[in-house]
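Visitor: Here you go, this is final_11.tsv (TSV, C-alpha atoms).
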```tsv
chain	number	residue	atom	x	y	z
A	183	MET	CA	49.07	-51.52	62.67
A	184	ALA	CA	45.37	-51.24	62.09
A	185	SER	CA	45.66	-47.48	61.96
A	186	VAL	CA	48.38	-47.75	59.30
A	187	LYS	CA	46.15	-49.99	57.18
A	188	THR	CA	43.29	-47.53	57.60
A	189	VAL	CA	45.47	-44.65	56.50
A	190	LEU	CA	46.72	-46.63	53.48
A	191	TYR	CA	43.18	-47.61	52.55
A	192	LEU	CA	41.98	-44.02	52.75
A	193	GLY	CA	44.96	-42.92	50.68
A	194	VAL	CA	44.19	-45.45	47.95
A	195	CYS	CA	40.53	-44.38	47.87
A	196	LEU	CA	41.50	-40.71	47.75
A	197	PHE	CA	43.97	-41.37	44.93
A	198	ALA	CA	41.36	-43.31	42.94
A	199	ALA	CA	38.85	-40.49	43.42
A	200	ILE	CA	41.40	-37.94	42.24
A	201	ILE	CA	42.21	-40.02	39.14
A	202	THR	CA	38.51	-40.47	38.31
A	203	THR	CA	37.81	-36.78	38.78
A	204	ALA	CA	40.81	-35.85	36.64
A	205	ASP	CA	39.68	-38.19	33.86
A	206	SER	CA	36.21	-36.70	34.03
A	207	ASP	CA	37.54	-33.16	33.80
A	208	LEU	CA	39.50	-34.04	30.67
A	209	LEU	CA	36.39	-35.18	28.79
A	210	PRO	CA	34.89	-32.58	26.43
A	211	LYS	CA	31.61	-31.31	27.80
A	212	ALA	CA	28.75	-30.39	25.48
A	213	GLN	CA	28.44	-26.62	25.06
A	214	ASN	CA	25.91	-24.22	23.52
A	215	VAL	CA	23.03	-26.70	23.75
A	216	ARG	CA	20.03	-25.43	21.78
A	217	TRP	CA	16.79	-26.63	20.20
A	218	VAL	CA	16.17	-26.03	16.48
A	219	SER	CA	12.58	-26.72	15.48
A	220	LEU	CA	10.58	-26.01	12.31
A	221	ASP	CA	7.08	-27.39	11.74
A	222	PHE	CA	7.60	-29.77	14.70
A	223	LYS	CA	10.78	-31.29	13.30
A	224	THR	CA	12.95	-30.76	16.37
A	225	ILE	CA	16.70	-31.32	16.50
A	226	LEU	CA	18.91	-30.85	19.54
A	227	HIS	CA	22.27	-29.24	18.68
A	228	TRP	CA	25.40	-28.73	20.74
A	229	THR	CA	29.08	-27.96	20.20
A	230	VAL	CA	32.11	-29.89	21.46
A	231	GLU	CA	35.84	-29.89	20.91
A	232	PRO	CA	37.01	-32.43	18.30
A	233	SER	CA	37.57	-35.78	20.03
A	234	LYS	CA	36.89	-39.52	19.82
A	235	TYR	CA	34.41	-39.47	22.68
A	236	LYS	CA	30.74	-40.40	22.29
A	237	TYR	CA	27.61	-38.56	23.35
A	238	THR	CA	24.37	-40.01	24.66
A	239	VAL	CA	21.15	-37.99	24.89
A	240	LEU	CA	18.45	-38.60	27.48
A	241	TYR	CA	15.25	-36.59	27.79
A	242	SER	CA	12.69	-35.84	30.45
A	243	ARG	CA	9.06	-34.77	30.15
A	244	ASN	CA	7.85	-32.16	32.66
A	245	GLY	CA	10.60	-33.10	35.12
A	246	SER	CA	9.89	-36.84	35.09
A	247	ASP	CA	12.54	-39.59	35.01
A	248	TRP	CA	15.17	-39.51	32.27
A	249	MET	CA	14.35	-41.64	29.22
A	250	GLU	CA	16.80	-43.11	26.73
A	251	ILE	CA	16.63	-42.76	22.95
A	252	LEU	CA	18.11	-45.66	21.01
A	253	GLU	CA	19.03	-43.55	17.97
A	254	CYS	CA	20.66	-40.93	20.21
A	255	THR	CA	22.97	-43.30	22.08
A	256	ARG	CA	26.76	-43.02	21.78
A	257	LEU	CA	26.68	-40.49	18.96
A	258	SER	CA	29.76	-39.24	17.16
A	259	GLN	CA	27.99	-36.16	15.78
A	260	SER	CA	26.77	-33.24	17.84
A	261	GLU	CA	23.05	-33.34	17.06
A	262	CYS	CA	20.05	-35.58	17.68
A	263	ASP	CA	16.56	-35.62	16.13
A	264	LEU	CA	13.97	-35.89	18.92
A	265	SER	CA	10.90	-35.04	16.82
A	266	ILE	CA	8.95	-38.27	17.32
A	267	HIS	CA	9.71	-38.44	21.05
A	268	LEU	CA	8.41	-35.02	22.10
A	269	THR	CA	4.79	-35.97	22.73
A	270	PRO	CA	2.33	-34.79	23.92
A	271	TYR	CA	3.32	-31.63	22.06
A	272	ASN	CA	2.15	-29.17	24.71
A	273	LYS	CA	4.60	-30.37	27.39
A	274	PHE	CA	8.00	-29.09	28.46
A	275	PHE	CA	10.98	-31.29	27.63
A	276	THR	CA	14.57	-31.19	28.84
A	277	ALA	CA	17.48	-33.08	27.31
A	278	ASP	CA	20.68	-34.24	28.99
A	279	ILE	CA	23.84	-34.79	26.91
A	280	LYS	CA	26.37	-37.08	28.53
A	281	THR	CA	29.97	-37.53	27.39
A	282	GLU	CA	31.17	-41.15	27.32
A	283	PRO	CA	34.57	-42.73	26.60
A	284	GLU	CA	35.19	-44.17	23.16
A	285	SER	CA	35.37	-47.71	24.57
A	286	LEU	CA	33.31	-49.26	27.34
A	287	ASP	CA	35.35	-52.46	27.58
A	288	TYR	CA	35.85	-52.00	31.31
A	289	ASP	CA	33.56	-50.82	34.02
A	290	TYR	CA	32.99	-47.08	34.11
A	291	ASP	CA	30.82	-45.20	36.51
A	292	LEU	CA	29.00	-43.12	33.92
A	293	GLU	CA	27.62	-40.82	36.60
A	294	GLU	CA	31.13	-39.43	37.04
A	295	PHE	CA	31.40	-38.22	33.46
A	296	PRO	CA	30.32	-34.70	32.48
A	297	HIS	CA	26.85	-33.98	31.19
A	298	THR	CA	24.98	-30.86	30.12
A	299	GLU	CA	21.26	-30.17	30.39
A	300	SER	CA	19.39	-28.25	27.72
A	301	PRO	CA	16.99	-25.38	28.34
A	302	PRO	CA	13.34	-26.50	28.49
A	303	PHE	CA	11.48	-26.78	25.20
A	304	ASN	CA	7.77	-26.98	24.41
A	305	PRO	CA	7.03	-27.99	20.77
A	306	TYR	CA	3.51	-26.56	20.85
A	307	LYS	CA	4.74	-23.16	22.01
A	308	ASP	CA	8.26	-22.98	20.56
A	309	SER	CA	8.42	-24.76	17.18
A	310	ASN	CA	8.73	-22.24	14.35
A	311	ILE	CA	6.23	-22.32	11.48
A	312	SER	CA	7.38	-22.09	7.87
A	313	ALA	CA	5.90	-19.86	5.15
A	314	VAL	CA	2.52	-20.94	3.82
A	315	ASN	CA	1.40	-21.37	0.22
A	316	PHE	CA	-1.84	-19.73	-0.90
A	317	THR	CA	-3.84	-18.64	-3.92
A	318	VAL	CA	-5.84	-15.46	-4.39
A	319	GLU	CA	-8.56	-14.83	-6.95
A	320	ALA	CA	-10.98	-11.99	-7.56
A	321	ALA	CA	-14.58	-12.84	-6.62
A	322	ASP	CA	-15.90	-9.62	-8.16
A	323	GLU	CA	-14.78	-5.99	-8.51
A	324	SER	CA	-14.62	-5.40	-4.75
A	325	ARG	CA	-13.92	-8.86	-3.27
A	326	ALA	CA	-11.05	-11.39	-3.37
A	327	ILE	CA	-10.86	-14.96	-2.03
A	328	VAL	CA	-7.65	-16.08	-0.28
A	329	ASN	CA	-7.20	-19.88	-0.09
A	330	ILE	CA	-4.40	-20.98	2.25
A	331	ILE	CA	-2.71	-24.40	2.26
A	332	ASP	CA	-1.90	-25.51	5.82
A	333	PRO	CA	1.84	-26.37	6.08
A	334	LEU	CA	2.63	-30.02	6.79
A	335	THR	CA	4.60	-31.01	9.88
A	336	SER	CA	7.12	-33.81	10.32
A	337	ILE	CA	4.66	-35.68	12.53
A	338	HIS	CA	2.82	-38.77	11.24
A	339	GLN	CA	-0.17	-40.57	12.70
A	340	GLY	CA	-0.32	-43.89	10.98
A	341	LYS	CA	-0.05	-43.17	7.27
A	342	LYS	CA	-1.24	-39.57	7.62
A	343	GLN	CA	1.21	-36.67	7.76
A	344	LEU	CA	-0.24	-34.07	10.11
A	345	SER	CA	-0.63	-30.41	9.13
A	346	ILE	CA	-0.28	-27.53	11.56
A	347	ARG	CA	-4.10	-27.33	11.54
A	348	ASP	CA	-4.25	-30.93	12.83
A	349	ILE	CA	-2.04	-29.96	15.78
A	350	PHE	CA	-3.11	-26.40	16.64
A	351	LYS	CA	-6.78	-26.86	15.71
A	352	LYS	CA	-8.76	-23.75	16.79
A	353	ASP	CA	-5.63	-22.03	18.09
A	354	LEU	CA	-4.38	-21.62	14.51
A	355	LYS	CA	-5.24	-18.40	12.72
A	356	TYR	CA	-3.80	-16.68	9.66
A	357	LYS	CA	-2.64	-13.09	9.40
A	358	ILE	CA	-3.26	-11.56	5.97
A	359	ILE	CA	-1.85	-8.21	4.88
A	360	TYR	CA	-2.87	-6.62	1.60
A	361	TYR	CA	-2.37	-3.33	-0.18
A	362	LYS	CA	-3.12	-1.65	-3.45
A	363	ALA	CA	-0.34	-2.29	-5.99
A	364	GLY	CA	2.06	0.66	-5.98
A	365	SER	CA	0.80	1.89	-2.58
A	366	THR	CA	2.48	1.73	0.82
A	367	GLY	CA	-0.74	1.72	2.85
A	368	LYS	CA	-1.32	-1.81	4.22
A	369	ARG	CA	-4.43	-3.37	5.71
A	370	GLU	CA	-4.53	-6.45	7.94
A	371	VAL	CA	-7.03	-9.26	8.42
A	372	ILE	CA	-6.92	-12.09	10.99
A	373	SER	CA	-8.68	-15.21	9.73
A	374	ASP	CA	-9.84	-18.23	11.78
A	375	THR	CA	-10.00	-20.47	8.72
A	376	SER	CA	-7.89	-21.38	5.69
A	377	THR	CA	-10.30	-19.62	3.30
A	378	THR	CA	-10.93	-15.89	3.70
A	379	GLU	CA	-12.95	-13.33	1.78
A	380	VAL	CA	-11.37	-9.88	1.64
A	381	THR	CA	-13.90	-7.13	0.91
A	382	LYS	CA	-14.12	-3.39	0.22
A	383	LEU	CA	-11.51	-3.41	-2.54
A	384	ASP	CA	-11.43	-0.60	-5.09
A	385	ALA	CA	-12.89	-1.71	-8.40
A	386	GLY	CA	-10.41	-2.22	-11.21
A	387	GLN	CA	-7.36	-2.02	-8.93
A	388	SER	CA	-4.64	-4.64	-8.47
A	389	TYR	CA	-4.09	-5.76	-4.86
A	390	CYS	CA	-1.10	-7.66	-3.43
A	391	PHE	CA	-1.40	-10.18	-0.56
A	392	MET	CA	0.94	-11.88	1.93
A	393	VAL	CA	-0.03	-14.53	4.51
A	394	ALA	CA	1.54	-15.95	7.71
A	395	ALA	CA	0.40	-18.50	10.28
A	396	PHE	CA	-0.59	-16.82	13.54
A	397	ILE	CA	-1.01	-18.47	16.99
A	398	PRO	CA	-2.09	-15.72	19.42
A	399	ASN	CA	-1.68	-17.76	22.63
A	400	ARG	CA	2.07	-18.21	22.04
A	401	ARG	CA	4.80	-15.92	23.30
A	402	LYS	CA	5.56	-13.05	20.93
A	403	ALA	CA	8.84	-14.49	19.54
A	404	THR	CA	7.08	-17.57	18.07
A	405	GLN	CA	3.57	-16.20	17.71
A	406	GLN	CA	3.81	-15.70	13.95
A	407	GLY	CA	5.18	-17.94	11.20
A	408	ALA	CA	7.26	-16.81	8.24
A	409	TRP	CA	5.61	-14.55	5.67
A	410	SER	CA	4.60	-16.09	2.34
A	411	ILE	CA	5.67	-14.95	-1.10
A	412	GLN	CA	3.62	-11.98	-2.30
A	413	GLN	CA	0.80	-12.62	-4.78
A	414	CYS	CA	-1.24	-9.96	-6.61
A	415	THR	CA	-4.61	-9.86	-8.32
A	416	PRO	CA	-4.81	-8.52	-11.88
A	417	GLY	CA	-6.19	-4.99	-12.33
A	418	GLU	CA	-6.99	-2.61	-15.13
A	419	ILE	CA	-3.88	-1.61	-17.08
A	420	ASN	CA	-2.98	1.95	-16.15
A	421	ILE	CA	0.46	2.88	-17.40
A	422	LEU	CA	0.47	6.28	-15.71
A	423	GLN	CA	-0.37	4.75	-12.31
A	424	ASP	CA	2.56	2.33	-12.50
A	425	LEU	CA	5.15	5.01	-13.30
A	426	SER	CA	7.78	5.68	-10.67
A	427	LEU	CA	8.86	9.14	-9.46
A	428	GLY	CA	11.98	8.96	-11.64
A	429	ALA	CA	9.86	8.18	-14.71
A	430	TRP	CA	7.59	11.15	-13.98
A	431	VAL	CA	10.63	13.44	-13.65
A	432	GLY	CA	11.90	12.18	-17.00
A	433	ILE	CA	8.55	12.78	-18.68
A	434	VAL	CA	8.31	16.33	-17.29
A	435	PHE	CA	11.88	17.06	-18.45
A	436	ILE	CA	11.11	15.80	-21.99
A	437	LEU	CA	7.89	17.83	-22.16
A	438	LEU	CA	9.68	20.99	-21.02
A	439	THR	CA	12.47	20.39	-23.57
A	440	VAL	CA	9.94	19.93	-26.40
A	441	LEU	CA	8.05	23.04	-25.26
A	442	ILE	CA	11.26	25.12	-25.23
A	443	ILE	CA	12.16	23.87	-28.73
A	444	ILE	CA	8.70	24.75	-30.03
A	445	ILE	CA	8.84	28.23	-28.52
A	446	THR	CA	12.40	28.79	-29.84
A	447	VAL	CA	11.45	27.67	-33.35
A	448	THR	CA	8.31	29.84	-33.28
A	449	VAL	CA	10.28	32.92	-32.21
A	450	LEU	CA	12.94	32.36	-34.90
A	451	CYS	CA	10.26	31.90	-37.55
A	452	CYS	CA	8.57	35.13	-36.48
A	453	LYS	CA	11.86	37.02	-36.70
A	454	CYS	CA	12.53	35.64	-40.18
A	455	CYS	CA	9.08	36.71	-41.33
A	456	ARG	CA	9.56	40.23	-39.94
A	457	GLN	CA	12.92	40.58	-41.69
A	458	LYS	CA	11.44	39.50	-45.03
A	459	ASN	CA	8.43	41.80	-44.86
A	460	PRO	CA	10.41	45.13	-44.86
A	461	SER	CA	12.52	44.00	-47.80
A	462	GLN	CA	9.42	43.05	-49.79
A	463	GLN	CA	7.80	46.39	-49.02
A	464	SER	CA	10.90	48.35	-50.19
A	465	ALA	CA	11.03	46.37	-53.43
A	466	THR	CA	7.39	47.18	-54.14
A	467	ILE	CA	7.97	50.89	-53.67
```
Represent the structure contained in this file as structure tokens.
Guide:
Amino acid sequence: MASVKTVLYLGVCLFAAIITTADSDLLPKAQNVRWVSLDFKTILHWTVEPSKYKYTVLYSRNGSDWMEILECTRLSQSECDLSIHLTPYNKFFTADIKTEPESLDYDYDLEEFPHTESPPFNPYKDSNISAVNFTVEAADESRAIVNIIDPLTSIHQGKKQLSIRDIFKKDLKYKIIYYKAGSTGKREVISDTSTTEVTKLDAGQSYCFMVAAFIPNRRKATQQGAWSIQQCTPGEINILQDLSLGAWVGIVFILLTVLIIIITVTVLCCKCCRQKNPSQQSATI
């Protein structure tokens, strides 16, 4: 009799385990988990099949215990903003997205429900940097001053909104490319500061500049920020220098046409004069 009870008990436990596992398998698991970060505003994205289930995000710093985020608990949407939680910035973070039932009215073992871990993310090394704003002005005929405005991040310390200079400090540099207007030959300067003097410019020429944040100790994919909008210094007005190849071809064609007309008219006039001269001579005789 005892053996029968044991068998029945094991059967009930096995059936319950099968039901729990089946329910777990039916829940939509987070897919395509990725970090999207610009100027240290970092959002975790994932994709799921349409459902009424909820999603809770936990995160871990350098492999430590999982920590909860109040604003990322039982979400209906498939994204979560972790910007203010990913500190210190130069650490590796991992997120875990757990699928939960729509209602928690009865006791669930949440460990049985599916969850998906994100790839590791380091804000200091992986957050993309947006395009910078800058001004450029001629110091004299051969020098120009480039003044760069450090982009602001989404991070605040007290009432201050931090710039990328506040976070990267001496690691932040700026890459400046410049070239003579109308030329394809580019020069490059790496600056340690937000103000740079560019020298050895040709007097009277217009130069165009573009700037991007540059962090050399990052991996190549995130080493450089987005390029700025091009800005040019004024130069001496030289219409011929600014003409394109097509314009030059047009000018040469017009000049040749005018030259041919002049030659044709000159030849016709000469012929007319020669024809008149014999008739005048015969009349005189």
Visitor: Tell me which of A:His267, A:Arg456, A:Lys236, A:Lys382 sits closest to Ile337 of chain A, counting only C-alpha atoms.
Guide: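 Using only C-alpha atoms, the shortest distance to Ile337 of chain A belongs to A:His267.
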Visitor: The residues within 7 Å of (5.2, -16.5, 10.7), using all atoms listed in the file and the coordinates of the file, should be reported as a PyMOL selection string; which are they?
Guide: chain A and resi 311-313+394-396+406-409
Visitor: Mind giving me the straight-line distance from atom CA of Tyr361 of chain A to atom CA of Tyr389 of chain A in Å, one decimal?
Guide: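 Going from atom CA of Tyr361 of chain A over to atom CA of Tyr389 of chain A covers 5.5 Å.
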Visitor: For atom CA of Phe222 of chain A and atom CA of Arg400 of chain A, quote the distance in Å rounded to one decimal.
Guide: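 It comes out at 14.8 Å.
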Visitor: Can you pull out every residue within 12 Å of Pro398 of chain A, counting all atoms listed in the file, but drop anything in the same chain fewer than 2 positions away, and send it as a list in words?
Guide: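 Using all atoms listed in the file, the neighbours found are Lys307, Phe350, Lys352, Asp353, Leu354, Lys355, Tyr356, Lys357, Ile372, Ser373, Asp374, Ala395, Phe396, Arg400, Arg401, Lys402, Ala403, Thr404, Gln405, Gln406 and Gly407 of chain A.
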Visitor: Identify which of the residues A:Pro296, A:Gly245, A:Pro210, A:Gly364 lies closest to Cys414 of chain A, counting only C-alpha atoms when measuring atom-to-atom distances.
Guide: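 Of A:Pro296, A:Gly245, A:Pro210, A:Gly364, the one nearest Cys414 of chain A is A:Gly364, counting only C-alpha atoms.
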Visitor: Residues at most 9 Å from Pro416 of chain A, counting all atoms listed in the file, excluding those fewer than 5 positions away in the same chain, as a ChimeraX atom specification?
Guide: /A:319-320,386-389
Visitor: Measure the distance from atom CA of Trp430 of chain A to atom CA of Gln413 of chain A in Å and round it to one decimal.
Guide: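 Taking atom CA of Trp430 of chain A as the start and atom CA of Gln413 of chain A as the end point, the length is 26.4 Å.
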Visitor: Which polymer residues, protein or nucleic acid, are no farther than 8 Å from (18.6, -29.5, 30.1), counting all atoms listed in the file, as a list in words?
Guide: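 In the file's frame, the residues around the point are Thr276, Ala277, Asp278, Thr298, Glu299, Ser300, Pro301 and Pro302 of chain A.
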Visitor: Could you tell me which of A:Val380, A:His227, A:Leu220, A:Leu209 comes closest to Ser324 of chain A if we count all atoms listed in the file?
Guide: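 Of A:Val380, A:His227, A:Leu220, A:Leu209, the one nearest Ser324 of chain A, counting all atoms listed in the file, is A:Val380.
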Visitor: Skipping near chain neighbours, those fewer than 2 positions away, what residues fall within 8 Å of Pro305 of chain A using all atoms listed in the file, listed as an MDAnalysis selection string?
Guide: chainID A and resid 219 222 224 268 271:274 303 307:309
Visitor: Measuring between only C-alpha atoms, which one of A:Ala429, A:Thr317, A:Asp221, A:Cys455 shows the shortest distance to Arg347 of chain A?
Guide: A:Asp221
Visitor: Could you check which of A:Lys368, A:Pro283, A:Leu383, A:Thr375 is closest to Ala321 of chain A, using all atoms listed in the file?
Guide: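 Using all atoms listed in the file, Ala321 of chain A sits closest to A:Leu383.
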Visitor: Would you pick out the contacts of Leu252 of chain A at 12 Å or less, using all atoms listed in the file, so that residues sharing its chain but fewer than 4 positions from it are not included, and give the list as a list in words?
Guide: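 So, after excluding close chain neighbours, the residues are Thr238, Val239, Leu240, Tyr241, Arg256, Leu257, Cys262, Asp263, Leu264 and His267 of chain A.
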Visitor: Generate the coordinates of N, CA, C and O atoms for segment 395-412 of chain A; report them as a PDB file, in the frame of the given file.
Guide:
```
ATOM      1  N   ALA A 395       1.094 -17.823   9.184  1.00  0.00           N
ATOM      2  CA  ALA A 395       0.400 -18.500  10.280  1.00  0.00           C
ATOM      3  C   ALA A 395       0.506 -17.642  11.536  1.00  0.00           C
ATOM      4  O   ALA A 395       1.511 -16.962  11.766  1.00  0.00           O
ATOM      5  N   PHE A 396      -0.537 -17.686  12.362  1.00  0.00           N
ATOM      6  CA  PHE A 396      -0.590 -16.820  13.540  1.00  0.00           C
ATOM      7  C   PHE A 396      -1.241 -17.595  14.687  1.00  0.00           C
ATOM      8  O   PHE A 396      -2.373 -18.063  14.565  1.00  0.00           O
ATOM      9  N   ILE A 397      -0.497 -17.772  15.806  1.00  0.00           N
ATOM     10  CA  ILE A 397      -1.010 -18.470  16.990  1.00  0.00           C
ATOM     11  C   ILE A 397      -0.976 -17.496  18.151  1.00  0.00           C
ATOM     12  O   ILE A 397       0.064 -17.327  18.804  1.00  0.00           O
ATOM     13  N   PRO A 398      -2.088 -16.812  18.441  1.00  0.00           N
ATOM     14  CA  PRO A 398      -2.090 -15.720  19.420  1.00  0.00           C
ATOM     15  C   PRO A 398      -1.690 -16.127  20.827  1.00  0.00           C
ATOM     16  O   PRO A 398      -1.149 -15.298  21.574  1.00  0.00           O
ATOM     17  N   ASN A 399      -1.966 -17.390  21.247  1.00  0.00           N
ATOM     18  CA  ASN A 399      -1.680 -17.760  22.630  1.00  0.00           C
ATOM     19  C   ASN A 399      -0.223 -18.158  22.858  1.00  0.00           C
ATOM     20  O   ASN A 399       0.138 -18.630  23.933  1.00  0.00           O
ATOM     21  N   ARG A 400       0.636 -17.978  21.863  1.00  0.00           N
ATOM     22  CA  ARG A 400       2.070 -18.210  22.040  1.00  0.00           C
ATOM     23  C   ARG A 400       2.753 -16.931  22.517  1.00  0.00           C
ATOM     24  O   ARG A 400       2.184 -15.836  22.442  1.00  0.00           O
ATOM     25  N   ARG A 401       4.016 -17.101  22.986  1.00  0.00           N
ATOM     26  CA  ARG A 401       4.800 -15.920  23.300  1.00  0.00           C
ATOM     27  C   ARG A 401       5.135 -15.182  22.001  1.00  0.00           C
ATOM     28  O   ARG A 401       5.104 -15.766  20.914  1.00  0.00           O
ATOM     29  N   LYS A 402       5.440 -13.914  22.098  1.00  0.00           N
ATOM     30  CA  LYS A 402       5.560 -13.050  20.930  1.00  0.00           C
ATOM     31  C   LYS A 402       6.621 -13.529  19.934  1.00  0.00           C
ATOM     32  O   LYS A 402       6.446 -13.418  18.714  1.00  0.00           O
ATOM     33  N   ALA A 403       7.736 -14.094  20.425  1.00  0.00           N
ATOM     34  CA  ALA A 403       8.840 -14.490  19.540  1.00  0.00           C
ATOM     35  C   ALA A 403       8.436 -15.588  18.556  1.00  0.00           C
ATOM     36  O   ALA A 403       8.978 -15.660  17.449  1.00  0.00           O
ATOM     37  N   THR A 404       7.483 -16.451  18.940  1.00  0.00           N
ATOM     38  CA  THR A 404       7.080 -17.570  18.070  1.00  0.00           C
ATOM     39  C   THR A 404       5.607 -17.491  17.698  1.00  0.00           C
ATOM     40  O   THR A 404       5.037 -18.456  17.205  1.00  0.00           O
ATOM     41  N   GLN A 405       5.008 -16.357  17.942  1.00  0.00           N
ATOM     42  CA  GLN A 405       3.570 -16.200  17.710  1.00  0.00           C
ATOM     43  C   GLN A 405       3.219 -16.264  16.222  1.00  0.00           C
ATOM     44  O   GLN A 405       2.156 -16.757  15.851  1.00  0.00           O
ATOM     45  N   GLN A 406       4.101 -15.787  15.387  1.00  0.00           N
ATOM     46  CA  GLN A 406       3.810 -15.700  13.950  1.00  0.00           C
ATOM     47  C   GLN A 406       4.813 -16.506  13.141  1.00  0.00           C
ATOM     48  O   GLN A 406       6.009 -16.509  13.421  1.00  0.00           O
ATOM     49  N   GLY A 407       4.312 -17.200  12.112  1.00  0.00           N
ATOM     50  CA  GLY A 407       5.180 -17.940  11.200  1.00  0.00           C
ATOM     51  C   GLY A 407       5.823 -17.009  10.184  1.00  0.00           C
ATOM     52  O   GLY A 407       5.622 -15.790  10.204  1.00  0.00           O
ATOM     53  N   ALA A 408       6.589 -17.596   9.283  1.00  0.00           N
ATOM     54  CA  ALA A 408       7.260 -16.810   8.240  1.00  0.00           C
ATOM     55  C   ALA A 408       6.228 -16.289   7.235  1.00  0.00           C
ATOM     56  O   ALA A 408       5.214 -16.939   6.964  1.00  0.00           O
ATOM     57  N   TRP A 409       6.509 -15.118   6.675  1.00  0.00           N
ATOM     58  CA  TRP A 409       5.610 -14.550   5.670  1.00  0.00           C
ATOM     59  C   TRP A 409       5.739 -15.310   4.352  1.00  0.00           C
ATOM     60  O   TRP A 409       6.817 -15.760   3.979  1.00  0.00           O
ATOM     61  N   SER A 410       4.631 -15.427   3.654  1.00  0.00           N
ATOM     62  CA  SER A 410       4.600 -16.090   2.340  1.00  0.00           C
ATOM     63  C   SER A 410       5.177 -15.187   1.265  1.00  0.00           C
ATOM     64  O   SER A 410       5.449 -14.003   1.494  1.00  0.00           O
ATOM     65  N   ILE A 411       5.327 -15.749   0.080  1.00  0.00           N
ATOM     66  CA  ILE A 411       5.670 -14.950  -1.100  1.00  0.00           C
ATOM     67  C   ILE A 411       4.455 -14.106  -1.484  1.00  0.00           C
ATOM     68  O   ILE A 411       3.312 -14.550  -1.395  1.00  0.00           O
ATOM     69  N   GLN A 412       4.691 -12.889  -1.912  1.00  0.00           N
ATOM     70  CA  GLN A 412       3.620 -11.980  -2.300  1.00  0.00           C
ATOM     71  C   GLN A 412       2.918 -12.456  -3.564  1.00  0.00           C
ATOM     72  O   GLN A 412       3.550 -12.925  -4.508  1.00  0.00           O
TER      73      GLN A 412
END
```
